[in-house]
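Containing CSV, C-alpha atoms and all ligand atoms: my_file-v3.csv.
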```csv
chain,number,residue,atom,x,y,z
A,1,MET,CA,-5.9,-20.8,-42.8
A,2,LEU,CA,-6.2,-24.3,-41.5
A,3,THR,CA,-4.7,-24.8,-38.1
A,4,SER,CA,-2.9,-28.0,-37.3
A,5,SER,CA,-5.6,-29.1,-34.9
A,6,SER,CA,-8.3,-28.6,-37.5
A,7,LEU,CA,-6.3,-30.8,-39.9
A,8,ILE,CA,-6.2,-33.6,-37.3
A,9,VAL,CA,-10.0,-33.3,-36.9
A,10,ILE,CA,-10.5,-33.5,-40.7
A,11,PHE,CA,-8.3,-36.6,-40.9
A,12,LEU,CA,-10.2,-38.3,-38.1
A,13,ILE,CA,-13.6,-37.4,-39.6
A,14,ALA,CA,-12.6,-38.7,-43.0
A,15,LEU,CA,-11.3,-41.9,-41.4
A,16,VAL,CA,-14.5,-42.5,-39.4
A,17,TYR,CA,-16.7,-41.7,-42.4
A,18,ARG,CA,-14.9,-44.2,-44.7
A,19,TRP,CA,-15.0,-46.8,-42.0
A,20,MET,CA,-18.8,-46.3,-41.6
A,21,GLU,CA,-19.2,-46.6,-45.4
A,22,GLY,CA,-17.5,-50.0,-45.0
A,23,ASP,CA,-14.6,-48.8,-47.2
A,24,LEU,CA,-11.3,-49.2,-45.4
A,25,THR,CA,-9.0,-49.0,-48.4
A,26,ILE,CA,-8.1,-45.4,-47.8
A,27,ALA,CA,-7.5,-46.1,-44.1
A,28,PRO,CA,-3.8,-46.9,-44.3
A,29,PHE,CA,-3.1,-43.7,-46.2
A,30,LEU,CA,-5.0,-41.6,-43.7
A,31,LEU,CA,-3.4,-43.3,-40.8
A,32,SER,CA,0.1,-42.9,-42.2
A,33,GLY,CA,-0.7,-39.2,-43.0
A,34,PHE,CA,-1.8,-38.8,-39.4
A,35,VAL,CA,1.4,-40.5,-38.0
A,36,ILE,CA,3.6,-38.2,-40.3
A,37,PHE,CA,1.7,-35.2,-39.1
A,38,ILE,CA,2.1,-36.0,-35.4
A,39,SER,CA,5.8,-36.8,-35.8
A,40,TYR,CA,6.3,-33.4,-37.6
A,41,LYS,CA,4.4,-31.6,-34.8
A,42,SER,CA,6.5,-33.4,-32.1
A,43,PHE,CA,9.7,-32.4,-33.9
A,44,ARG,CA,8.6,-28.8,-34.1
A,45,TRP,CA,7.6,-28.8,-30.4
A,46,ALA,CA,11.0,-30.3,-29.4
A,47,LYS,CA,12.8,-27.7,-31.5
A,48,SER,CA,10.9,-24.8,-30.1
A,49,SER,CA,11.3,-25.9,-26.5
A,50,THR,CA,15.1,-26.1,-27.0
A,51,GLU,CA,15.0,-22.6,-28.5
A,52,GLU,CA,12.9,-21.5,-25.6
A,53,SER,CA,15.4,-22.9,-23.1
A,54,ARG,CA,18.3,-21.4,-25.1
A,55,LYS,CA,16.5,-18.0,-25.1
A,56,SER,CA,15.9,-18.2,-21.3
A,57,LYS,CA,19.5,-19.2,-20.8
A,58,SER,CA,20.7,-16.2,-22.7
A,59,ASN,CA,18.3,-14.0,-20.7
A,60,LYS,CA,19.8,-15.4,-17.6
A,61,THR,CA,23.3,-14.6,-18.9
A,62,LEU,CA,22.2,-11.1,-19.7
A,63,GLU,CA,20.7,-10.8,-16.2
A,64,ASN,CA,23.9,-12.1,-14.7
A,65,ASN,CA,26.0,-9.7,-16.8
A,66,LEU,CA,23.8,-6.9,-15.7
A,67,LEU,CA,24.2,-7.9,-12.1
A,68,LYS,CA,27.9,-8.3,-12.6
A,69,ASN,CA,28.2,-4.9,-14.2
A,70,ARG,CA,26.1,-3.4,-11.5
A,71,TYR,CA,28.5,-4.6,-8.8
A,72,LYS,CA,31.7,-4.6,-10.8
A,73,ALA,CA,32.9,-1.2,-9.5
A,74,PHE,CA,31.6,-1.9,-6.1
A,75,PRO,CA,32.3,-4.8,-3.7
A,76,LYS,CA,29.2,-6.8,-2.9
A,77,THR,CA,29.1,-5.8,0.8
A,78,ARG,CA,29.1,-2.2,-0.2
A,79,ASN,CA,26.3,-2.1,-2.7
A,80,LYS,CA,23.9,-0.9,-0.1
A,81,PHE,CA,23.8,2.3,1.9
A,82,GLN,CA,21.8,2.1,5.0
A,83,ILE,CA,19.8,5.0,6.3
A,84,THR,CA,18.3,4.8,9.8
A,85,VAL,CA,15.2,6.7,10.7
A,86,LEU,CA,14.9,7.3,14.4
A,87,GLY,CA,12.3,8.9,16.5
A,88,GLY,CA,9.5,8.4,19.1
A,89,ARG,CA,6.2,6.9,18.2
A,90,GLY,CA,4.0,9.0,16.0
A,91,VAL,CA,6.5,11.8,15.6
A,92,GLY,CA,6.1,11.4,11.8
A,93,LYS,CA,8.9,9.1,10.7
A,94,THR,CA,6.9,7.3,8.0
A,95,SER,CA,5.3,10.6,6.9
A,96,LEU,CA,8.8,12.0,6.4
A,97,LEU,CA,9.9,9.1,4.3
A,98,ALA,CA,6.7,9.2,2.2
A,99,THR,CA,7.1,13.0,1.7
A,100,VAL,CA,10.8,12.7,0.7
A,101,TYR,CA,9.9,10.0,-1.8
A,102,GLY,CA,7.0,12.1,-3.2
A,103,GLU,CA,9.2,15.2,-3.6
A,104,PHE,CA,11.8,13.2,-5.4
A,105,GLU,CA,9.2,11.7,-7.8
A,106,ARG,CA,7.7,15.2,-8.4
A,107,HIS,CA,10.7,17.3,-9.0
A,108,LEU,CA,14.0,16.5,-7.5
A,109,THR,CA,15.3,14.3,-10.4
A,110,ARG,CA,14.7,17.2,-12.8
A,111,GLY,CA,18.0,18.3,-14.2
A,112,LEU,CA,19.9,15.6,-12.2
A,113,GLN,CA,22.0,12.9,-13.8
A,114,LEU,CA,20.4,10.4,-11.5
A,115,GLN,CA,17.5,8.0,-11.2
A,116,ILE,CA,16.1,6.6,-8.1
A,117,ASN,CA,13.4,4.0,-8.2
A,118,PRO,CA,11.6,2.1,-5.4
A,119,SER,CA,13.0,-1.5,-5.7
A,120,THR,CA,9.6,-3.1,-5.6
A,121,SER,CA,6.2,-1.9,-6.9
A,122,LEU,CA,4.7,-3.0,-3.5
A,123,MET,CA,6.9,-0.4,-1.8
A,124,ARG,CA,6.0,2.3,-4.3
A,125,THR,CA,2.3,1.5,-3.6
A,126,SER,CA,2.7,1.7,0.1
A,127,LEU,CA,4.6,5.0,0.0
A,128,SER,CA,2.0,6.4,-2.4
A,129,GLU,CA,-0.8,5.3,-0.1
A,130,LYS,CA,0.9,7.1,2.8
A,131,LEU,CA,1.2,10.2,0.7
A,132,GLY,CA,-2.5,10.0,-0.1
A,133,GLU,CA,-3.3,9.8,3.6
A,134,LEU,CA,-1.1,12.8,4.3
A,135,GLU,CA,-2.8,14.9,1.7
A,136,SER,CA,-6.3,14.0,3.0
A,137,THR,CA,-5.4,14.8,6.6
A,138,LEU,CA,-5.8,18.5,5.8
A,139,ASP,CA,-9.5,18.0,5.3
A,140,ASP,CA,-10.2,17.8,9.1
A,141,GLU,CA,-8.6,18.9,12.3
A,142,ILE,CA,-5.5,16.8,13.1
A,143,VAL,CA,-5.5,15.6,16.6
A,144,GLN,CA,-2.3,14.0,17.8
A,145,GLY,CA,-1.7,12.4,21.1
A,146,ILE,CA,0.9,10.0,22.5
A,147,SER,CA,0.4,7.3,19.9
A,148,VAL,CA,0.8,3.6,20.0
A,149,GLY,CA,2.5,3.5,16.6
A,150,GLU,CA,3.5,0.5,14.5
A,151,SER,CA,5.2,-2.5,15.9
A,152,ASP,CA,7.3,-3.7,13.0
A,153,LYS,CA,10.4,-2.3,11.3
A,154,ARG,CA,9.9,-1.5,7.7
A,155,SER,CA,12.7,-1.2,5.1
A,156,TYR,CA,12.3,0.9,2.0
A,157,GLU,CA,14.8,0.1,-0.7
A,158,PHE,CA,15.5,2.4,-3.7
A,159,ASP,CA,17.7,1.6,-6.7
A,160,VAL,CA,20.1,4.4,-7.6
A,161,GLY,CA,21.9,4.8,-10.9
A,162,LEU,CA,22.4,6.9,-13.9
A,163,PRO,CA,19.3,7.5,-16.1
A,164,LEU,CA,18.5,4.5,-18.3
A,165,LYS,CA,21.4,2.4,-16.9
A,166,ALA,CA,21.5,-0.5,-14.5
A,167,PRO,CA,21.4,0.7,-10.9
A,168,ASP,CA,24.8,1.0,-9.1
A,169,PHE,CA,23.6,0.7,-5.5
A,170,GLN,CA,20.7,0.7,-3.2
A,171,LEU,CA,19.5,3.1,-0.6
A,172,VAL,CA,17.8,1.2,2.3
A,173,PHE,CA,15.7,3.3,4.6
A,174,ASN,CA,15.1,1.5,7.9
A,175,ASP,CA,12.0,2.9,9.6
A,176,TYR,CA,12.0,1.7,13.2
A,177,PRO,CA,8.9,1.7,15.4
A,178,GLY,CA,9.4,4.1,18.3
A,179,GLY,CA,8.6,1.3,20.7
A,180,TRP,CA,11.8,-0.6,19.8
A,181,LEU,CA,13.9,2.0,21.6
A,182,ARG,CA,12.6,0.7,24.9
A,183,ASP,CA,12.8,-2.9,24.3
A,184,GLU,CA,16.0,-4.8,25.1
A,185,ILE,CA,16.2,-7.2,22.1
A,186,HIS,CA,15.2,-4.7,19.5
A,187,TYR,CA,17.4,-2.0,21.0
A,188,LYS,CA,20.5,-4.0,20.1
A,189,GLU,CA,19.3,-4.3,16.5
A,190,VAL,CA,18.8,-0.5,16.2
A,191,GLU,CA,22.2,0.0,17.8
A,192,ILE,CA,23.9,-2.2,15.2
A,193,PHE,CA,22.0,-0.6,12.3
A,194,LEU,CA,23.0,2.8,13.6
A,195,ARG,CA,26.6,1.8,13.4
A,196,ASN,CA,26.2,0.5,9.9
A,197,SER,CA,24.3,3.5,8.6
A,198,ALA,CA,25.7,6.1,6.3
A,199,VAL,CA,22.9,8.5,7.2
A,200,ILE,CA,20.8,8.8,10.3
A,201,LEU,CA,17.6,10.8,10.3
A,202,TRP,CA,16.7,11.8,13.8
A,203,VAL,CA,13.1,12.9,13.6
A,204,LEU,CA,11.6,15.2,16.3
A,205,ASP,CA,8.1,16.5,16.8
A,206,ALA,CA,8.5,20.3,17.1
A,207,SER,CA,5.1,20.8,18.7
A,208,ALA,CA,6.2,18.5,21.6
A,209,LEU,CA,9.3,20.6,22.0
A,210,LEU,CA,7.7,24.0,21.9
A,211,VAL,CA,4.2,23.8,23.3
A,212,ARG,CA,4.0,23.9,27.0
A,213,GLY,CA,1.1,22.8,29.2
A,214,ASP,CA,-0.3,24.6,32.2
A,215,LYS,CA,2.5,23.5,34.4
A,216,ALA,CA,5.0,24.7,31.8
A,217,GLU,CA,6.0,21.1,31.3
A,218,SER,CA,7.6,19.9,28.1
A,219,TYR,CA,6.1,16.8,26.5
A,220,SER,CA,9.2,16.2,24.5
A,221,THR,CA,10.7,13.5,26.8
A,222,LYS,CA,7.5,11.5,26.4
A,223,ILE,CA,6.9,12.1,22.7
A,224,ASN,CA,10.3,12.5,21.2
A,225,GLN,CA,11.9,9.9,23.6
A,226,THR,CA,15.1,11.9,23.5
A,227,GLY,CA,16.5,10.1,26.5
A,228,TYR,CA,16.3,6.7,24.8
A,229,ILE,CA,17.7,8.0,21.6
A,230,THR,CA,20.6,9.7,23.3
A,231,ASP,CA,21.3,6.4,25.1
A,232,ILE,CA,21.3,4.5,21.9
A,233,PHE,CA,23.7,7.0,20.4
A,234,LYS,CA,25.9,6.6,23.4
A,235,SER,CA,26.1,2.8,23.1
A,236,ALA,CA,26.4,2.8,19.3
A,237,PHE,CA,29.1,5.4,19.1
A,238,LYS,CA,31.4,4.7,22.1
A,239,GLU,CA,34.2,5.0,19.6
A,240,LEU,CA,34.9,6.0,16.1
A,241,PRO,CA,33.0,4.0,13.5
A,242,GLN,CA,35.2,0.9,12.7
A,243,ASP,CA,34.5,1.2,9.0
A,244,LYS,CA,35.9,4.7,9.2
A,245,ILE,CA,33.1,5.6,6.8
A,246,LYS,CA,31.8,9.1,7.4
A,247,LYS,CA,28.3,9.3,8.8
A,248,THR,CA,25.8,12.1,8.3
A,249,ILE,CA,23.4,12.8,11.1
A,250,LEU,CA,20.4,14.9,10.2
A,251,LEU,CA,18.3,16.3,13.1
A,252,VAL,CA,14.9,16.8,11.5
A,253,PRO,CA,12.2,18.7,13.4
A,254,ILE,CA,8.8,18.1,11.7
A,255,LYS,CA,5.3,19.4,12.5
A,256,CYS,CA,7.1,22.7,12.6
A,257,GLU,CA,4.9,24.8,10.3
A,258,THR,CA,3.9,27.2,13.2
A,259,TRP,CA,7.5,27.8,14.3
A,260,THR,CA,9.2,28.4,11.0
A,261,THR,CA,7.5,31.5,9.7
A,262,THR,CA,9.7,34.3,11.2
A,263,LYS,CA,13.4,34.6,11.7
A,264,LEU,CA,12.8,34.7,15.5
A,265,ASP,CA,10.6,31.6,15.5
A,266,ASN,CA,13.3,29.7,13.5
A,267,GLN,CA,15.9,30.8,15.9
A,268,LYS,CA,13.8,29.5,18.8
A,269,LEU,CA,13.2,26.2,17.1
A,270,ARG,CA,16.9,25.7,16.4
A,271,THR,CA,17.9,26.5,20.0
A,272,HIS,CA,15.4,23.9,21.2
A,273,ILE,CA,16.8,21.3,18.9
A,274,GLU,CA,20.3,22.1,19.9
A,275,ASP,CA,19.4,21.7,23.6
A,276,GLU,CA,17.3,18.6,23.1
A,277,CYS,CA,20.0,16.7,21.1
A,278,GLY,CA,22.9,18.5,22.7
A,279,SER,CA,24.1,15.5,24.8
A,280,ALA,CA,24.3,13.2,21.8
A,281,VAL,CA,25.9,15.9,19.6
A,282,ASN,CA,28.5,16.7,22.3
A,283,LEU,CA,29.4,13.0,22.7
A,284,ILE,CA,30.3,12.9,19.0
A,285,LYS,CA,32.1,16.2,19.1
A,286,ASN,CA,34.2,14.9,21.9
A,287,PHE,CA,35.7,11.9,20.1
A,288,ASP,CA,35.6,13.4,16.6
A,289,PRO,CA,36.7,17.0,17.3
A,290,GLU,CA,37.7,17.7,13.7
A,291,GLY,CA,34.6,16.4,12.2
A,292,LYS,CA,36.4,13.8,10.2
A,293,TYR,CA,33.9,11.0,10.7
A,294,PHE,CA,30.7,12.7,11.4
A,295,SER,CA,28.7,15.6,10.1
A,296,ILE,CA,25.6,16.8,11.8
A,297,ALA,CA,23.0,19.4,10.6
A,298,ILE,CA,19.5,20.6,11.5
A,299,ILE,CA,17.0,20.3,8.6
A,300,PRO,CA,13.5,21.4,9.5
A,301,VAL,CA,10.9,19.8,7.3
A,302,GLN,CA,7.2,20.5,6.9
A,303,THR,CA,5.7,17.2,5.7
A,304,LEU,CA,2.2,18.7,5.5
A,305,GLY,CA,2.6,22.5,5.1
A,306,GLY,CA,-0.7,24.3,5.0
A,307,VAL,CA,-1.5,23.6,8.7
A,308,HIS,CA,-0.7,25.3,11.9
A,309,PHE,CA,-0.8,24.4,15.6
A,310,ASP,CA,-4.2,25.4,17.0
A,311,ARG,CA,-4.4,24.2,20.6
A,312,LEU,CA,-3.3,21.8,23.3
A,313,GLN,CA,-6.1,19.7,24.9
A,314,THR,CA,-6.4,16.9,27.3
A,315,ASN,CA,-8.1,13.6,26.4
A,316,ALA,CA,-10.3,11.4,28.6
A,317,ASP,CA,-7.2,9.6,30.0
A,318,ASN,CA,-5.7,12.9,31.0
A,319,GLN,CA,-3.1,12.7,28.2
A,320,PRO,CA,-2.1,15.7,26.1
A,321,GLU,CA,-3.3,16.1,22.5
A,322,PHE,CA,-1.9,18.5,20.0
A,323,VAL,CA,-4.5,19.9,17.6
A,324,PHE,CA,-3.5,21.2,14.1
A,325,LYS,CA,-5.8,23.0,11.7
A,326,ARG,CA,-5.6,24.2,8.1
A,327,LYS,CA,-4.0,27.7,8.1
A,328,ASN,CA,-6.9,29.2,6.2
A,329,GLU,CA,-9.6,28.1,3.7
A,330,GLN,CA,-7.1,28.3,0.8
A,331,ALA,CA,-4.3,26.4,2.5
A,332,PHE,CA,-3.5,23.1,0.9
A,333,TYR,CA,-1.0,20.2,1.2
A,334,GLN,CA,2.3,21.8,0.5
A,335,PRO,CA,5.4,20.0,1.9
A,336,ARG,CA,8.4,22.2,2.4
A,337,TYR,CA,12.1,21.4,2.5
A,338,ALA,CA,11.7,17.6,2.3
A,339,GLU,CA,14.1,17.7,-0.7
A,340,GLN,CA,16.8,19.0,1.6
A,341,ILE,CA,17.1,15.5,3.1
A,342,PHE,CA,18.5,14.5,-0.3
A,343,SER,CA,20.5,17.6,-0.8
A,344,TYR,CA,22.3,16.8,2.5
A,345,GLY,CA,21.9,13.1,2.9
A,346,LEU,CA,22.1,11.7,-0.7
A,347,ALA,CA,24.8,14.1,-1.7
A,348,SER,CA,27.0,12.7,1.1
A,349,ILE,CA,26.2,9.1,0.1
A,350,LEU,CA,27.2,9.9,-3.5
A,351,GLN,CA,30.5,11.3,-2.2
A,352,ARG,CA,31.1,8.1,-0.3
A,353,TYR,CA,30.2,6.0,-3.3
A,354,SER,CA,32.9,7.8,-5.4
A,355,GLU,CA,35.4,7.4,-2.6
A,356,GLN,CA,34.8,3.7,-2.3
A,357,SER,CA,34.4,2.8,-5.9
A,358,GLY,CA,36.8,5.3,-7.4
A,359,SER,CA,34.2,6.2,-9.9
A,360,ASN,CA,33.2,9.8,-10.7
A,361,LYS,CA,29.9,8.9,-12.5
A,362,PHE,CA,27.8,10.7,-9.9
A,363,ASN,CA,29.9,13.8,-9.5
A,364,ALA,CA,27.6,16.0,-11.6
A,365,ALA,CA,24.5,14.9,-9.6
A,366,GLN,CA,26.4,15.3,-6.3
A,367,LYS,CA,27.4,18.9,-7.2
A,368,LYS,CA,23.9,19.8,-8.2
A,369,LEU,CA,22.4,18.4,-5.0
A,370,GLU,CA,25.0,20.3,-3.0
A,371,GLN,CA,24.2,23.5,-4.8
A,372,ARG,CA,20.5,23.1,-3.9
A,373,ARG,CA,21.3,22.9,-0.2
A,374,ASN,CA,19.5,25.4,1.9
A,375,THR,CA,22.1,26.8,4.4
A,376,LYS,CA,20.0,29.7,5.8
A,377,GLU,CA,20.0,29.8,9.5
A,378,ASP,CA,17.1,32.3,9.3
A,379,GLU,CA,15.1,29.4,7.8
A,380,GLY,CA,16.1,27.0,10.5
A,381,PHE,CA,19.1,25.2,8.9
A,382,LYS,CA,22.4,24.9,10.7
A,383,VAL,CA,25.5,22.7,10.4
A,384,LEU,CA,26.3,21.7,14.0
A,385,HIS,CA,29.4,19.6,13.3
A,386,GLY,CA,31.8,18.5,10.5
A,387,LYS,CA,31.7,19.5,6.9
A,388,PHE,CA,29.0,19.0,4.3
B,401,LIG,N1,1.1,19.0,11.9
B,401,LIG,C1,1.8,18.1,11.2
B,401,LIG,N2,1.5,16.8,11.4
B,401,LIG,C2,2.2,15.8,10.7
B,401,LIG,C3,3.3,16.2,9.9
B,401,LIG,N3,3.8,15.1,9.4
B,401,LIG,C4,3.1,14.0,9.8
B,401,LIG,N4,2.1,14.5,10.6
B,401,LIG,C5,1.1,13.7,11.3
B,401,LIG,O1,1.8,12.9,12.3
B,401,LIG,C6,1.1,11.6,12.5
B,401,LIG,C7,2.0,10.5,12.7
B,401,LIG,O2,2.8,10.3,11.6
B,401,LIG,P1,3.6,8.9,11.3
B,401,LIG,O3,4.4,9.2,10.1
B,401,LIG,O4,2.7,7.8,11.2
B,401,LIG,O5,4.5,8.7,12.6
B,401,LIG,P2,5.6,7.6,12.9
B,401,LIG,O6,4.9,6.7,13.9
B,401,LIG,O7,6.7,8.3,13.5
B,401,LIG,O8,5.9,6.8,11.7
B,401,LIG,C8,0.2,11.5,11.3
B,401,LIG,O9,-1.2,11.5,11.8
B,401,LIG,C9,0.5,12.7,10.4
B,401,LIG,O10,-0.7,13.2,9.9
B,401,LIG,C10,3.6,17.6,9.7
B,401,LIG,O11,4.5,18.0,9.0
B,401,LIG,N5,2.8,18.5,10.4
B,402,MG,MG,5.8,4.9,11.3
```
If you convert what's in this file into structure tokens, what do you get?
Amino acid sequence: MLTSSSLIVIFLIALVYRWMEGDLTIAPFLLSGFVIFISYKSFRWAKSSTEESRKSKSNKTLENNLLKNRYKAFPKTRNKFQITVLGGRGVGKTSLLATVYGEFERHLTRGLQLQINPSTSLMRTSLSEKLGELESTLDDEIVQGISVGESDKRSYEFDVGLPLKAPDFQLVFNDYPGGWLRDEIHYKEVEIFLRNSAVILWVLDASALLVRGDKAESYSTKINQTGYITDIFKSAFKELPQDKIKKTILLVPIKCETWTTTKLDNQKLRTHIEDECGSAVNLIKNFDPEGKYFSIAIIPVQTLGGVHFDRLQTNADNQPEFVFKRKNEQAFYQPRYAEQIFSYGLASILQRYSEQSGSNKFNAAQKKLEQRRNTKEDEGFKVLHGKF
């Protein structure tokens, strides 16, 4: 097949050849053919570009319609549910988020009428990288001191909807650097976010709570920064949430592999968490005695599994270091209970979605998630306040 450009070249060659031969009689025919051809091409080009713009316009309309449908049942201000992740530096906030995401990708969506996708591929990559890091930490001893941690807040957004349908709302996980709790400007921001959050994940390092040094001192104040977090709860929740939207607070001890094997260990861990967070929990119980606006539960999560606490050591700066090791040669990366964050947290968000939008499209998923809740106190779970 001759392409249009090759036809032009043939026209031009023929023209030049005839001219060199000194015969210009054919020139007018060739020239007019050339002009007709160019005009035809310009006409085709103009037509296709209008079609192109029409197509892109109709794509835009489709997009707008999708967006409209997406938010139709839901006022714009309410199309996001904020989740705040609180905790000291290095306690494992980002690891928890990555693990929850990994568990969801792996099996949680199975049998659920629900799809959850990271809103951007960049975020998917960053969480997957963190997961990769976590898996490979089991190769060596894990030495954890009082860490410097990140200095920027990171938000992880997930689109939530029915399978194969446009998403209905977004979950936004706000991962705060532990250092923000001690800095006046950022403190205010965390406070506002706390107030606007549907779910608050308060992450605590279990080893800092349970391991004592020579002087029987607890490192929790330093590592978990409980005092700062309690203060922020006090200023954020001086009164009932203005939006009257129920809030779920999940107290999440992590790095707890060593203290969750027996019933007695679980009991001990739970009592420690109840003491550590007691002041903040009591504050809420006082102004919400019936548990209408808040629900609080302890959800112990092992983001690594396969490791156990080995020893406490002191580094060159005389600071404590917690050393974890693989449980045995066969032990591997095996997170435990991370999916419970969704069973408790996401189920309550779906409940709020249906209350606000009047839609029951997520009822089936909500029910399934609720059925999957672990409520065994022997395994460290406990509802401290309100209903779930
Ligand atoms: N032993 C133990 N270590 C963990 C666990 N989860 C995370 N870590 C370690 O805790 C360290 C700090 O985690 P990171 O998520 O970066 O803390 P963040 O500063 O609170 O975000 C990392 O070195 C992880 O390997 C866990 O379940 N068990
Ligand atoms: Mg982090």
Can you tell me, as a list in words, what residues are no more than 8 Å from Thr230 (chain A) when counting only C-alpha atoms, ignoring any on the same chain fewer than 4 positions away? Thr226, Lys234, Cys277, Ser279 and Ala280 of chain A
For ligand LIG 401 (chain B), return the neighbouring residues as JSON, numbers by chain (distance at most 6 Å; all atoms listed in the file). {"A": [89, 90, 91, 92, 93, 94, 95, 134, 137, 149, 254, 255, 302, 303, 304, 324]}
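The residue that comes closest to Leu251 (chain A), out of A:Ile223, A:Val323, A:Val203, A:Leu210 and on the basis of only C-alpha atoms, is A:Val203.
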Residues contacting ligand MG 402 (chain B) - anything with an atom at most 12 Å away, using only C-alpha atoms and all ligand atoms - can you give me those as a count of residues only? 33
How far is it from CA of Phe362 (chain A) to CA of Gln82 (chain A), in Å with one decimal?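 CA of Gln82 (chain A) lies at a distance of 18.2 Å from CA of Phe362 (chain A).
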Return the single residue from A:Glu105, A:Leu312, A:Ile83, A:Ile36 that is closest to Asp214 (chain A), with distances computed using all atoms listed in the file.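 Of all the options, A:Leu312 lies closest to Asp214 (chain A).
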List every protein, DNA or RNA residue that has an atom no more than 10 Å from (18.1, 5.6, -12.0) in the file's coordinate frame, counting only C-alpha atoms, and report them as number ranges by chain. A: 109, 113-118, 158-169
Those selected residues, please, written with C-alpha atoms and delivered as a tab-separated table (two decimals), in the coordinates of the input.
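Final file, out-v1.tsv:
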```
chain	number	residue	atom	x	y	z
A	109	THR	CA	15.30	14.30	-10.40
A	113	GLN	CA	22.00	12.90	-13.80
A	114	LEU	CA	20.40	10.40	-11.50
A	115	GLN	CA	17.50	8.00	-11.20
A	116	ILE	CA	16.10	6.60	-8.10
A	117	ASN	CA	13.40	4.00	-8.20
A	118	PRO	CA	11.60	2.10	-5.40
A	158	PHE	CA	15.50	2.40	-3.70
A	159	ASP	CA	17.70	1.60	-6.70
A	160	VAL	CA	20.10	4.40	-7.60
A	161	GLY	CA	21.90	4.80	-10.90
A	162	LEU	CA	22.40	6.90	-13.90
A	163	PRO	CA	19.30	7.50	-16.10
A	164	LEU	CA	18.50	4.50	-18.30
A	165	LYS	CA	21.40	2.40	-16.90
A	166	ALA	CA	21.50	-0.50	-14.50
A	167	PRO	CA	21.40	0.70	-10.90
A	168	ASP	CA	24.80	1.00	-9.10
A	169	PHE	CA	23.60	0.70	-5.50
```
Selected residue, from A:Asp265, A:Glu141, A:Glu133, A:Glu191, that lies nearest to Gly380 (chain A) when counting only C-alpha atoms: A:Asp265
